[in-house]
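Containing compact mmCIF, C-alpha atoms: target.txt.
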```
# COMPACT_ATOMS: atom_id res chain seq x y z
CA MET A 1 -68.46 60.39 14.43
CA SER A 2 -71.92 60.14 12.91
CA ALA A 3 -73.56 59.32 16.22
CA ARG A 4 -71.76 62.21 17.86
CA LEU A 5 -72.94 64.64 15.23
CA LEU A 6 -76.49 63.39 15.46
CA PHE A 7 -76.32 63.76 19.22
CA LEU A 8 -74.92 67.27 18.80
CA THR A 9 -77.74 68.26 16.44
CA THR A 10 -80.39 66.92 18.76
CA ALA A 11 -78.78 68.43 21.82
CA ILE A 12 -78.52 71.88 20.26
CA LEU A 13 -82.16 71.83 19.24
CA ALA A 14 -83.25 70.61 22.65
CA VAL A 15 -81.51 73.10 24.89
CA THR A 16 -81.25 76.33 22.96
CA PRO A 17 -83.93 78.99 22.50
CA LEU A 18 -85.06 80.21 19.11
CA VAL A 19 -83.44 83.43 17.98
CA ALA A 20 -84.96 86.13 15.85
CA PRO A 21 -83.54 86.40 12.33
CA ALA A 22 -82.09 89.78 13.26
CA GLN A 23 -79.86 88.04 15.81
CA VAL A 24 -78.49 85.65 13.24
CA PRO A 25 -75.32 86.99 11.62
CA ALA A 26 -76.10 88.37 8.19
CA ASP A 27 -73.23 86.45 6.61
CA LEU A 28 -74.61 83.22 8.07
CA GLN A 29 -78.10 83.89 6.70
CA ALA A 30 -76.58 84.68 3.34
CA ALA A 31 -74.49 81.51 3.42
CA ALA A 32 -77.54 79.40 4.29
CA ARG A 33 -79.55 80.93 1.46
CA THR A 34 -76.67 80.56 -0.99
CA ARG A 35 -76.22 76.92 -0.05
CA ILE A 36 -79.93 76.13 -0.57
CA ILE A 37 -79.76 77.77 -3.98
CA ALA A 38 -76.56 75.88 -4.77
CA ILE A 39 -78.37 72.60 -4.10
CA ALA A 40 -81.18 73.64 -6.42
CA LYS A 41 -78.73 74.65 -9.14
CA ALA A 42 -76.54 71.60 -8.57
CA ASP A 43 -73.69 74.06 -8.03
CA SER A 44 -71.19 71.69 -6.48
CA ALA A 45 -68.38 74.28 -6.12
CA THR A 46 -70.51 76.62 -3.98
CA TRP A 47 -71.94 73.71 -2.04
CA ASP A 48 -68.42 72.42 -1.38
CA ARG A 49 -67.26 75.84 -0.16
CA LEU A 50 -70.14 76.08 2.32
CA THR A 51 -69.87 72.52 3.60
CA SER A 52 -67.51 71.22 6.26
CA ASP A 53 -65.05 68.50 5.31
CA SER A 54 -66.50 66.40 8.14
CA PHE A 55 -70.04 66.96 6.86
CA THR A 56 -72.59 64.20 7.38
CA VAL A 57 -76.19 63.79 6.16
CA PHE A 58 -78.54 61.82 8.38
CA GLY A 59 -81.36 60.66 6.15
CA VAL A 60 -84.36 58.58 6.99
CA ASN A 61 -84.03 54.94 7.95
CA ASN A 62 -80.54 55.50 9.39
CA HIS A 63 -79.20 56.33 5.96
CA VAL A 64 -75.95 58.29 6.35
CA LEU A 65 -73.90 60.07 3.71
CA THR A 66 -70.42 61.56 3.90
CA LYS A 67 -69.50 64.79 2.18
CA ALA A 68 -67.84 62.91 -0.68
CA GLN A 69 -70.92 60.75 -1.20
CA ARG A 70 -73.26 63.71 -1.14
CA LEU A 71 -71.02 65.71 -3.46
CA ALA A 72 -70.95 62.86 -5.96
CA GLY A 73 -74.75 62.83 -5.94
CA LEU A 74 -74.96 66.59 -6.36
CA LYS A 75 -72.75 66.47 -9.44
CA GLN A 76 -75.20 64.10 -11.10
CA GLN A 77 -78.26 66.11 -10.11
CA THR A 78 -80.40 68.00 -12.63
CA PRO A 79 -80.79 71.68 -11.69
CA ILE A 80 -84.23 72.74 -10.49
CA ALA A 81 -85.89 76.07 -9.73
CA PRO A 82 -84.67 77.87 -6.56
CA ILE A 83 -86.29 76.65 -3.36
CA THR A 84 -88.06 78.82 -0.79
CA PRO A 85 -88.05 77.15 2.62
CA SER A 86 -90.97 77.53 5.00
CA TYR A 87 -91.22 77.38 8.81
CA GLU A 88 -87.65 78.62 9.05
CA HIS A 89 -86.08 78.93 12.51
CA TRP A 90 -82.61 79.56 13.91
CA GLN A 91 -81.22 78.50 17.26
CA ARG A 92 -77.85 79.54 18.69
CA ALA A 93 -75.57 77.30 20.75
CA GLY A 94 -72.27 78.93 21.55
CA ASN A 95 -70.52 79.55 18.28
CA ALA A 96 -72.79 77.18 16.37
CA PHE A 97 -76.26 77.71 14.93
CA ALA A 98 -79.00 75.22 14.22
CA HIS A 99 -81.07 76.07 11.16
CA ARG A 100 -84.42 74.34 10.81
CA TYR A 101 -86.80 74.67 7.88
CA GLN A 102 -89.32 72.79 5.83
CA ILE A 103 -89.52 72.20 2.08
CA GLY A 104 -92.66 70.39 1.04
CA ASN A 105 -92.93 67.40 3.34
CA LEU A 106 -89.26 67.49 4.33
CA MET A 107 -88.16 68.89 7.68
CA ILE A 108 -84.46 69.76 7.54
CA HIS A 109 -82.12 70.52 10.44
CA GLU A 110 -78.70 71.96 9.67
CA VAL A 111 -75.86 72.66 12.08
CA TRP A 112 -73.67 75.59 11.01
CA ALA A 113 -70.30 76.44 12.55
CA LYS A 114 -67.36 78.62 11.64
CA GLU A 115 -64.52 76.74 10.06
CA ARG A 116 -61.36 78.45 8.89
CA GLY A 117 -63.14 81.79 9.28
CA ALA A 118 -66.19 80.97 7.20
CA TRP A 119 -69.64 79.54 7.93
CA ARG A 120 -69.99 75.90 6.92
CA VAL A 121 -72.61 73.22 7.50
CA ALA A 122 -71.35 70.45 9.75
CA SER A 123 -74.35 68.14 9.54
CA ILE A 124 -77.88 67.85 8.20
CA GLN A 125 -80.75 65.75 9.42
CA VAL A 126 -83.67 65.13 7.06
CA THR A 127 -87.06 63.96 8.25
CA VAL A 128 -90.02 63.13 6.00
CA VAL A 129 -93.18 64.53 7.53
CA GLU A 130 -96.04 62.38 6.26
CA PRO A 131 -99.61 63.63 6.11
CA ASP A 132 -101.68 62.56 9.09
CA SER A 133 -103.54 59.49 7.81
CA ALA A 134 -106.60 60.15 9.97
CA VAL A 135 -106.82 63.74 8.72
CA ALA A 136 -106.35 62.57 5.13
CA ARG A 137 -109.04 59.92 5.47
CA HIS A 138 -111.42 62.50 6.95
CA ALA A 139 -110.69 64.81 4.02
CA ILE A 140 -111.37 62.01 1.53
CA ASP A 141 -114.63 61.11 3.26
CA ASN A 142 -115.70 64.75 3.15
CA GLY A 143 -114.61 65.01 -0.46
CA ASN A 144 -116.66 61.96 -1.39
CA ALA A 145 -119.72 63.32 0.44
CA ALA A 146 -119.43 66.64 -1.40
CA PHE A 147 -118.90 64.79 -4.67
CA LEU A 148 -122.09 62.76 -4.16
CA ALA A 149 -124.07 65.87 -3.33
CA ALA A 150 -122.84 67.60 -6.50
CA LEU A 151 -123.59 64.49 -8.54
CA GLN A 152 -127.18 64.36 -7.33
CA ARG A 153 -127.57 68.10 -7.93
CA GLY A 154 -126.26 67.64 -11.44
CA ASP A 155 -123.54 70.23 -10.86
CA ALA A 156 -120.76 69.44 -13.33
CA ALA A 157 -118.59 72.40 -12.35
CA ASP A 158 -118.69 71.41 -8.69
CA LEU A 159 -117.86 67.81 -9.58
CA ALA A 160 -114.90 68.94 -11.65
CA SER A 161 -113.65 71.11 -8.78
CA HIS A 162 -112.74 67.89 -6.95
CA TYR A 163 -110.18 67.06 -9.65
CA THR A 164 -106.67 68.41 -10.16
CA ASP A 165 -105.81 70.61 -13.13
CA ASP A 166 -104.12 67.66 -14.83
CA ALA A 167 -106.56 64.96 -13.74
CA VAL A 168 -107.46 61.99 -15.90
CA LEU A 169 -110.98 60.59 -15.55
CA MET A 170 -111.53 57.23 -17.21
CA VAL A 171 -115.20 56.34 -17.47
CA PRO A 172 -116.09 53.00 -19.12
CA GLY A 173 -116.88 53.26 -22.80
CA MET A 174 -115.91 56.92 -22.99
CA PRO A 175 -112.73 58.68 -24.05
CA ALA A 176 -110.57 59.69 -21.09
CA SER A 177 -111.36 63.17 -19.80
CA VAL A 178 -108.08 65.02 -19.33
CA GLY A 179 -107.61 68.14 -17.24
CA ARG A 180 -110.26 69.96 -15.27
CA ALA A 181 -111.79 71.39 -18.44
CA GLY A 182 -112.03 67.92 -19.92
CA VAL A 183 -113.53 66.55 -16.71
CA THR A 184 -116.08 69.37 -16.65
CA GLN A 185 -116.99 68.63 -20.24
CA GLY A 186 -117.30 64.93 -19.51
CA PHE A 187 -119.59 65.44 -16.53
CA THR A 188 -121.62 68.07 -18.41
CA GLY A 189 -122.25 65.63 -21.25
CA PHE A 190 -123.17 62.84 -18.86
CA LEU A 191 -125.47 64.98 -16.73
CA THR A 192 -127.21 66.27 -19.83
CA GLN A 193 -128.36 62.71 -20.44
CA PHE A 194 -129.05 61.52 -16.90
CA SER A 195 -130.16 62.72 -13.51
CA ILE A 196 -128.73 60.77 -10.60
CA THR A 197 -130.44 59.45 -7.49
CA ASN A 198 -129.50 57.00 -4.74
CA ALA A 199 -125.80 57.62 -5.29
CA ARG A 200 -123.49 55.94 -2.78
CA LEU A 201 -119.73 55.59 -2.42
CA ALA A 202 -118.21 53.06 -0.05
CA THR A 203 -114.48 53.27 0.52
CA ALA A 204 -112.95 49.80 0.81
CA ASP A 205 -109.37 50.77 1.55
CA VAL A 206 -107.02 53.73 1.30
CA ILE A 207 -103.28 53.99 1.45
CA ILE A 208 -101.19 57.13 1.66
CA SER A 209 -98.03 57.02 -0.41
CA GLY A 210 -96.00 60.19 -0.52
CA TYR A 211 -98.16 63.00 -1.82
CA TYR A 212 -100.79 60.58 -3.02
CA LEU A 213 -103.62 58.62 -1.51
CA ILE A 214 -104.94 55.60 -3.37
CA GLU A 215 -108.56 54.73 -2.68
CA ARG A 216 -110.41 51.58 -3.72
CA GLY A 217 -114.14 51.54 -3.33
CA ALA A 218 -117.58 50.63 -4.59
CA TYR A 219 -120.33 52.82 -5.96
CA SER A 220 -124.02 52.46 -6.61
CA TRP A 221 -126.47 54.83 -8.25
CA THR A 222 -129.65 55.10 -10.22
CA LEU A 223 -129.53 56.85 -13.57
CA HIS A 224 -132.73 58.44 -14.81
CA PRO A 225 -132.67 59.29 -18.54
CA LYS A 226 -133.67 62.91 -19.07
CA THR A 227 -135.02 62.28 -22.53
CA GLY A 228 -136.94 59.46 -24.18
CA THR A 229 -138.81 56.70 -22.48
CA GLY A 230 -135.90 54.59 -21.29
CA ALA A 231 -136.20 52.96 -17.90
CA ASP A 232 -134.05 53.95 -14.95
CA ILE A 233 -130.72 52.16 -14.78
CA VAL A 234 -129.75 50.80 -11.39
CA ASP A 235 -126.03 50.27 -11.46
CA ASN A 236 -123.25 49.37 -9.09
CA GLY A 237 -119.54 48.95 -9.58
CA LYS A 238 -116.13 49.80 -8.25
CA TYR A 239 -113.50 52.48 -8.58
CA LEU A 240 -109.81 53.10 -8.10
CA THR A 241 -108.98 56.70 -7.36
CA VAL A 242 -105.65 58.43 -6.87
CA TRP A 243 -105.94 61.57 -4.73
CA GLU A 244 -103.14 64.12 -4.73
CA ARG A 245 -102.35 66.37 -1.81
CA GLN A 246 -102.40 70.03 -2.73
CA ASP A 247 -100.07 72.70 -1.42
CA ASP A 248 -102.84 74.00 0.85
CA GLY A 249 -103.20 70.56 2.44
CA SER A 250 -106.43 69.67 0.66
CA TRP A 251 -106.81 66.56 -1.50
CA LYS A 252 -108.00 66.42 -5.09
CA ILE A 253 -108.55 63.56 -7.50
CA SER A 254 -105.66 63.05 -9.88
CA ARG A 255 -106.57 59.76 -11.58
CA ASP A 256 -109.96 58.08 -11.52
CA ILE A 257 -111.07 54.84 -13.14
CA SER A 258 -114.21 52.78 -12.59
CA ASN A 259 -116.19 49.92 -14.02
CA SER A 260 -119.60 48.40 -13.54
CA ASP A 261 -120.26 45.08 -11.84
CA ARG A 262 -123.21 44.55 -14.18
CA PRO A 263 -122.49 41.92 -16.82
CA GLY A 264 -122.06 43.73 -20.11
CA GLY A 265 -121.38 47.00 -18.37
CA MET A 266 -123.58 50.05 -18.41
CA MET B 1 -93.43 72.90 -4.42
CA LYS B 2 -94.06 69.18 -4.52
CA ALA B 3 -91.69 68.75 -7.43
CA VAL B 4 -89.03 70.73 -5.59
CA ALA B 5 -89.39 68.63 -2.46
CA ARG B 6 -89.23 65.44 -4.49
CA THR B 7 -86.10 66.59 -6.25
CA LEU B 8 -84.53 67.73 -3.03
CA LEU B 9 -85.24 64.42 -1.39
CA VAL B 10 -83.71 62.65 -4.34
CA ALA B 11 -80.80 65.05 -4.18
CA LEU B 12 -80.28 64.25 -0.55
CA ALA B 13 -80.12 60.59 -1.51
CA ILE B 14 -82.57 59.45 1.09
CA SER B 15 -82.74 55.70 1.51
CA ALA B 16 -85.22 53.94 -0.72
CA CYS B 17 -86.28 51.70 2.11
CA ARG B 18 -88.53 54.02 4.04
CA ARG B 19 -92.22 53.66 3.41
CA GLY B 20 -93.67 56.77 1.84
CA ALA B 21 -90.40 58.43 1.02
CA VAL B 22 -90.07 59.66 -2.52
CA VAL B 23 -86.98 58.22 -4.08
CA ASP B 24 -85.28 58.18 -7.42
CA SER B 25 -88.24 57.90 -9.75
CA ALA B 26 -86.05 57.17 -12.79
CA ALA B 27 -84.66 54.10 -11.09
CA ASP B 28 -88.13 53.15 -9.88
CA ARG B 29 -89.57 53.56 -13.35
CA ALA B 30 -86.87 51.31 -14.75
CA ALA B 31 -87.55 48.73 -12.06
CA VAL B 32 -91.31 48.79 -12.71
CA ASP B 33 -90.71 48.59 -16.46
CA SER B 34 -88.56 45.55 -15.90
CA ALA B 35 -91.21 43.91 -13.72
CA LEU B 36 -93.89 44.73 -16.29
CA ALA B 37 -91.79 43.25 -19.09
CA GLN B 38 -91.34 40.06 -17.08
CA TYR B 39 -95.05 39.95 -16.33
CA ARG B 40 -95.96 40.37 -19.99
CA GLN B 41 -93.48 37.70 -21.04
CA ALA B 42 -94.89 35.35 -18.41
CA TRP B 43 -98.33 35.65 -20.01
CA LEU B 44 -96.96 35.26 -23.53
CA GLN B 45 -95.02 32.16 -22.48
CA GLY B 46 -97.77 30.71 -20.30
CA ASP B 47 -95.50 30.83 -17.25
CA THR B 48 -98.02 30.84 -14.41
CA ALA B 49 -95.47 30.73 -11.61
CA LYS B 50 -93.57 33.70 -13.02
CA ALA B 51 -96.73 35.76 -13.42
CA LEU B 52 -97.94 34.89 -9.92
CA GLY B 53 -94.55 35.91 -8.55
CA LEU B 54 -95.15 39.44 -9.81
CA ILE B 55 -98.40 40.09 -7.98
CA SER B 56 -98.75 41.14 -4.38
CA SER B 57 -100.20 38.82 -1.77
CA ASP B 58 -102.71 41.62 -1.13
CA VAL B 59 -103.63 42.06 -4.79
CA ARG B 60 -107.07 43.05 -6.06
CA PHE B 61 -108.13 42.70 -9.69
CA LEU B 62 -111.06 44.89 -10.63
CA PHE B 63 -112.66 43.63 -13.82
CA PRO B 64 -115.89 44.87 -15.42
CA GLY B 65 -118.97 42.76 -14.91
CA GLU B 66 -117.96 41.14 -11.64
CA PRO B 67 -117.00 42.07 -8.09
CA ASP B 68 -113.40 42.51 -6.94
CA LEU B 69 -111.13 39.51 -7.21
CA ARG B 70 -109.05 38.88 -4.12
CA ALA B 71 -105.63 37.23 -4.19
CA ASP B 72 -106.93 33.66 -4.08
CA ALA B 73 -109.34 34.35 -6.94
CA VAL B 74 -106.58 36.05 -8.93
CA HIS B 75 -104.34 33.01 -8.45
CA ALA B 76 -107.12 30.72 -9.63
CA LEU B 77 -107.77 32.99 -12.59
CA PHE B 78 -104.13 32.95 -13.70
CA ILE B 79 -103.97 29.16 -13.52
CA SER B 80 -107.25 28.76 -15.37
CA GLU B 81 -106.50 31.32 -18.08
CA MET B 82 -103.07 29.95 -18.84
CA ALA B 83 -104.40 26.40 -18.96
CA THR B 84 -107.22 27.41 -21.29
CA TYR B 85 -105.60 29.90 -23.63
CA ARG B 86 -102.44 30.58 -25.49
CA ILE B 87 -101.71 34.29 -25.68
CA PRO B 88 -99.63 35.20 -28.74
CA THR B 89 -100.34 38.93 -28.51
CA LEU B 90 -100.33 41.21 -25.50
CA ASN B 91 -99.56 44.80 -26.40
CA LEU B 92 -99.52 47.52 -23.78
CA THR B 93 -99.47 51.20 -24.70
CA ARG B 94 -98.62 53.36 -21.72
CA ALA B 95 -100.33 56.74 -21.48
CA ASP B 96 -99.23 57.82 -18.03
CA PHE B 97 -96.83 56.73 -15.32
CA PHE B 98 -95.73 58.19 -12.02
CA VAL B 99 -94.17 57.02 -8.80
CA ALA B 100 -95.97 57.84 -5.56
CA GLY B 101 -93.76 56.86 -2.65
CA ASP B 102 -93.75 53.09 -2.50
CA HIS B 103 -96.40 52.83 -5.20
CA ALA B 104 -96.32 53.48 -8.92
CA VAL B 105 -99.34 54.25 -11.06
CA ASP B 106 -99.31 52.97 -14.63
CA ILE B 107 -102.14 53.86 -17.03
CA GLY B 108 -102.61 52.84 -20.63
CA THR B 109 -104.43 50.68 -23.09
CA TYR B 110 -104.01 47.02 -23.92
CA GLU B 111 -104.67 44.74 -26.83
CA GLU B 112 -104.74 41.02 -26.30
CA ILE B 113 -105.41 37.93 -28.39
CA GLN B 114 -106.33 34.73 -26.58
CA ILE B 115 -106.41 31.51 -28.54
CA PRO B 116 -108.43 28.73 -26.90
CA LYS B 117 -107.63 25.09 -27.47
CA THR B 118 -110.83 24.90 -29.44
CA GLY B 119 -112.76 27.76 -30.95
CA ALA B 120 -111.97 31.11 -32.45
CA PRO B 121 -109.38 33.53 -31.09
CA ILE B 122 -110.66 36.16 -28.70
CA HIS B 123 -109.54 39.71 -29.33
CA GLY B 124 -109.71 42.04 -26.36
CA THR B 125 -108.89 45.69 -25.93
CA GLY B 126 -109.37 48.08 -23.06
CA ARG B 127 -107.93 50.63 -20.74
CA TYR B 128 -105.97 49.72 -17.62
CA MET B 129 -104.74 51.31 -14.46
CA THR B 130 -102.17 49.31 -12.52
CA VAL B 131 -100.87 50.26 -9.11
CA TRP B 132 -97.50 48.66 -8.47
CA ARG B 133 -96.18 48.38 -4.94
CA ARG B 134 -92.58 48.28 -3.80
CA GLU B 135 -92.25 45.10 -1.77
CA ALA B 136 -89.40 42.99 -0.47
CA GLY B 137 -87.93 41.44 -3.57
CA GLY B 138 -89.16 44.05 -6.00
CA TRP B 139 -92.19 45.77 -7.47
CA ARG B 140 -95.43 43.80 -7.62
CA ILE B 141 -98.92 44.46 -8.93
CA TRP B 142 -101.13 45.58 -6.06
CA ARG B 143 -104.23 46.89 -7.85
CA PHE B 144 -105.26 46.26 -11.43
CA MET B 145 -108.39 47.70 -12.98
CA ILE B 146 -109.58 47.71 -16.55
CA ASN B 147 -112.54 49.26 -18.28
CA GLU B 148 -113.95 49.54 -21.75
CA LEU B 149 -112.65 51.88 -24.43
CA PRO B 150 -115.16 53.80 -26.56
CA LYS B 151 -116.65 51.64 -29.27
CA PRO B 152 -115.28 52.52 -32.69
CA ARG B 153 -117.75 54.45 -34.77
CA SER B 154 -119.29 52.39 -37.51
CA THR B 155 -118.73 53.59 -41.05
CA PRO B 156 -122.01 54.58 -42.71
```
As structure tokens, what does this structure read like?
Amino acid sequence: MSARLLFLTTAILAVTPLVAPAQVPADLQAAARTRIIAIAKADSATWDRLTSDSFTVFGVNNHVLTKAQRLAGLKQQTPIAPITPSYEHWQRAGNAFAHRYQIGNLMIHEVWAKERGAWRVASIQVTVVEPDSAVARHAIDNGNAAFLAALQRGDAADLASHYTDDAVLMVPGMPASVGRAGVTQGFTGFLTQFSITNARLATADVIISGYYLIERGAYSWTLHPKTGTGADIVDNGKYLTVWERQDDGSWKISRDISNSDRPGGM
Amino acid sequence: MKAVARTLLVALAISACRRGAVVDSAADRAAVDSALAQYRQAWLQGDTAKALGLISSDVRFLFPGEPDLRADAVHALFISEMATYRIPTLNLTRADFFVAGDHAVDIGTYEEIQIPKTGAPIHGTGRYMTVWRREAGGWRIWRFMINELPKPRSTP
């Protein structure tokens, strides 16, 4: 049964043209919207009403759920804010409709059909759409280059713009800088004391994990004290940075920790 | 939007096996907490094998004052440290934790007392960031970095 439904979903998507929303029955569009909201609200009664008894979810990694299994999960779910799908499309195949949309990094395909006179979902296929690793790596490389340029210009505001609103920056021997305002303050204080030359970042490895990218790397720089007669400090060390993908597809630093390779630290 | 997608994915009960998929973070947090508790106990009890079983084969330890330690160096370090010291105190205070796909980021501070066979106890404190990775058999430490906390202000 599951294989047949999966085949049906795929076949419908493959052979049928897209239809404009105006060609989709209004009661079907309303049912689809109501069902999405029901999932967000954990409204199991509405979800049940709009879901076929033979309903099947095809998740990733060949994970399959029956209606009873999915319903049990929904009843334990904590309600969340209503969801607005993006990239929404409808396709018609006889009396059935395929409904495709994206929420975050999830691509969802639903098959709707009339059952006992009402629209119900017969099956759903969920696909996780991961960020393109090459694109992400390119964005990180560009981000690091811009970061270095801002560092050598002494531009604290620009440096802080590479961090998320809730970022945590953990510099050795300093209190953690929390939030973009805290990060700005941290960099401002640091750049009041030092000007930076010969700054380098070398990424050792990156891994994308969900909405995050974890980067390990090495840094080197020369710190020139702006006041007093102290000598320049030539320093090198390493860092571990968690980047977070933003809704616009860009990447910003969410967590950032580093230490110096110099014995005794900086 | 990210939170919504995460919740929806959890709601849809997607399999935990797929790399990169966001799964039930409450269950993941509990699993990481359990692994961390075992890891801490291994150090307190001087159980080298147990501690080594909770680190990834691709682990990197990033300590101040020295270059990265690869897995073989981390293994040697564990064996050496446990042979040299008894550790009666290892307190971890978590400040931040989140699950990112098949990785979990754990940030906090630590306080440790190492007692050598001869000599005075060594008291260490610092800040840590641990990246745990979901692997076959459970969560293991994949990256571990520490750095120095601010020095306490001296009383005039």
Can you write out as a tab-separated table which residues of chain A fall within 7 Å of chain B, alongside each residue's closest atom pair and its distance in Å to one decimal, counting only C-alpha atoms and ordering rows by chain and ascending residue number?
```
residue	atom	partner	partner_atom	distance
A:Gly59	CA	B:Ile14	CA	5.3
A:Val60	CA	B:Ile14	CA	6.2
A:Asn61	CA	B:Arg18	CA	6.0
A:His63	CA	B:Ser15	CA	5.7
A:Gly73	CA	B:Ala11	CA	6.7
A:Leu74	CA	B:Ala11	CA	6.4
A:Gln77	CA	B:Ala11	CA	6.5
A:Ile83	CA	B:Val4	CA	6.9
A:Ile103	CA	B:Ala5	CA	5.8
A:Gly104	CA	B:Ala5	CA	5.1
A:Asn105	CA	B:Ala5	CA	6.9
A:Leu106	CA	B:Ala5	CA	6.9
A:Val128	CA	B:Ala21	CA	6.9
A:Pro172	CA	B:Glu148	CA	4.8
A:Gly173	CA	B:Pro150	CA	4.2
A:Met174	CA	B:Pro150	CA	4.8
A:Pro175	CA	B:Pro150	CA	6.0
A:Ser209	CA	B:Gly101	CA	4.8
A:Gly210	CA	B:Gly101	CA	4.5
A:Tyr211	CA	B:Ala100	CA	6.7
A:Tyr212	CA	B:Ala100	CA	6.1
A:Ser258	CA	B:Asn147	CA	6.9
A:Asn259	CA	B:Pro64	CA	5.2
A:Ser260	CA	B:Pro64	CA	5.5
A:Asp261	CA	B:Gly65	CA	4.1
A:Arg262	CA	B:Gly65	CA	4.7
A:Pro263	CA	B:Gly65	CA	4.1
A:Gly264	CA	B:Gly65	CA	6.1
A:Gly265	CA	B:Gly65	CA	6.0
```
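The smallest atom-to-atom distance between Ala37 of chain B and any of B:Ala49, B:Leu90, B:Ala73, B:Met82, using only C-alpha atoms, is found for B:Leu90.
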Inset, instruction - Record the distance separating atom CA of Phe190 of chain A and atom CA of Gly228 of chain A, expressed in Å with one decimal. - result: 15.1 Å
Legend entry - atom CA of Ala146 of chain A to atom CA of Asn236 of chain A, straight-line distance in Å: 19.3 Å
Inset, instruction - Pick out the closest residue to Thr93 of chain B from this set: B:Gly46, B:Thr125, B:Trp132, B:Asp72. Count only C-alpha atoms. - result: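 Among the listed residues, the smallest separation from Thr93 of chain B belongs to B:Thr125.
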Once 3 Å is added on each side, what centre and edge lengths in Å to one decimal does the axis-aligned box around all listed atoms of segment 223-234 of chain A have, as lines of an AutoDock Vina configuration file?
```
center_x = -134.2
center_y = 56.9
center_z = -17.8
size_x = 15.3
size_y = 18.1
size_z = 18.8
```
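Reported to one decimal place, the separation of atom CA of Asp248 of chain A from atom CA of Ala181 of chain A is 21.4 Å.
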Legend entry - Which of B:Phe61, B:Trp142, B:Tyr39, B:Tyr110 sits closest to Asn91 of chain B [using all atoms listed in the file]: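 Closest residue, counting all atoms listed in the file: B:Tyr110.
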Legend entry - Best match for closeness to Ala113 of chain A among A:Asp53, A:Asp132, A:Asp247, A:Asp232, counting all atoms listed in the file: A:Asp53
Legend entry - Option closest in space to Leu223 of chain A, from A:Leu151, A:Leu201, A:Ala145, A:Ile253 [counting all atoms listed in the file]: A:Leu151
Legend entry - Counting all atoms listed in the file, the option among B:Glu81, B:Glu135, B:Asp106, B:Glu112 closest to Thr48 of chain B: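 Between B:Glu81, B:Glu135, B:Asp106, B:Glu112, the residue approaching Thr48 of chain B most closely is B:Glu81.
The residue set within 12 Å of Ala30 of chain A, counting only C-alpha atoms and dropping same-chain residues fewer than 4 places from it, reads Pro21, Val24, Pro25, Ala26, Thr34, Arg35, Ile36, Ile37, Ala38, Leu50, Ala118, Trp119 and Arg120 of chain A.
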Legend entry - Selection near Ala98 of chain A, 6 Å with all atoms listed in the file, sequence-local residues under 3 positions removed, as a list of chain:residue names: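 Close residues of Ala98 of chain A: A:Trp90, A:Gln91, A:Glu110, A:Val111.
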Legend entry - Radius query 9 Å about (-108.1, 49.6, 2.8), atoms used: only C-alpha atoms, as a list of chain:residue names: A:Thr203, A:Ala204, A:Asp205, A:Val206, A:Ile207, A:Glu215, A:Arg216, A:Gly217
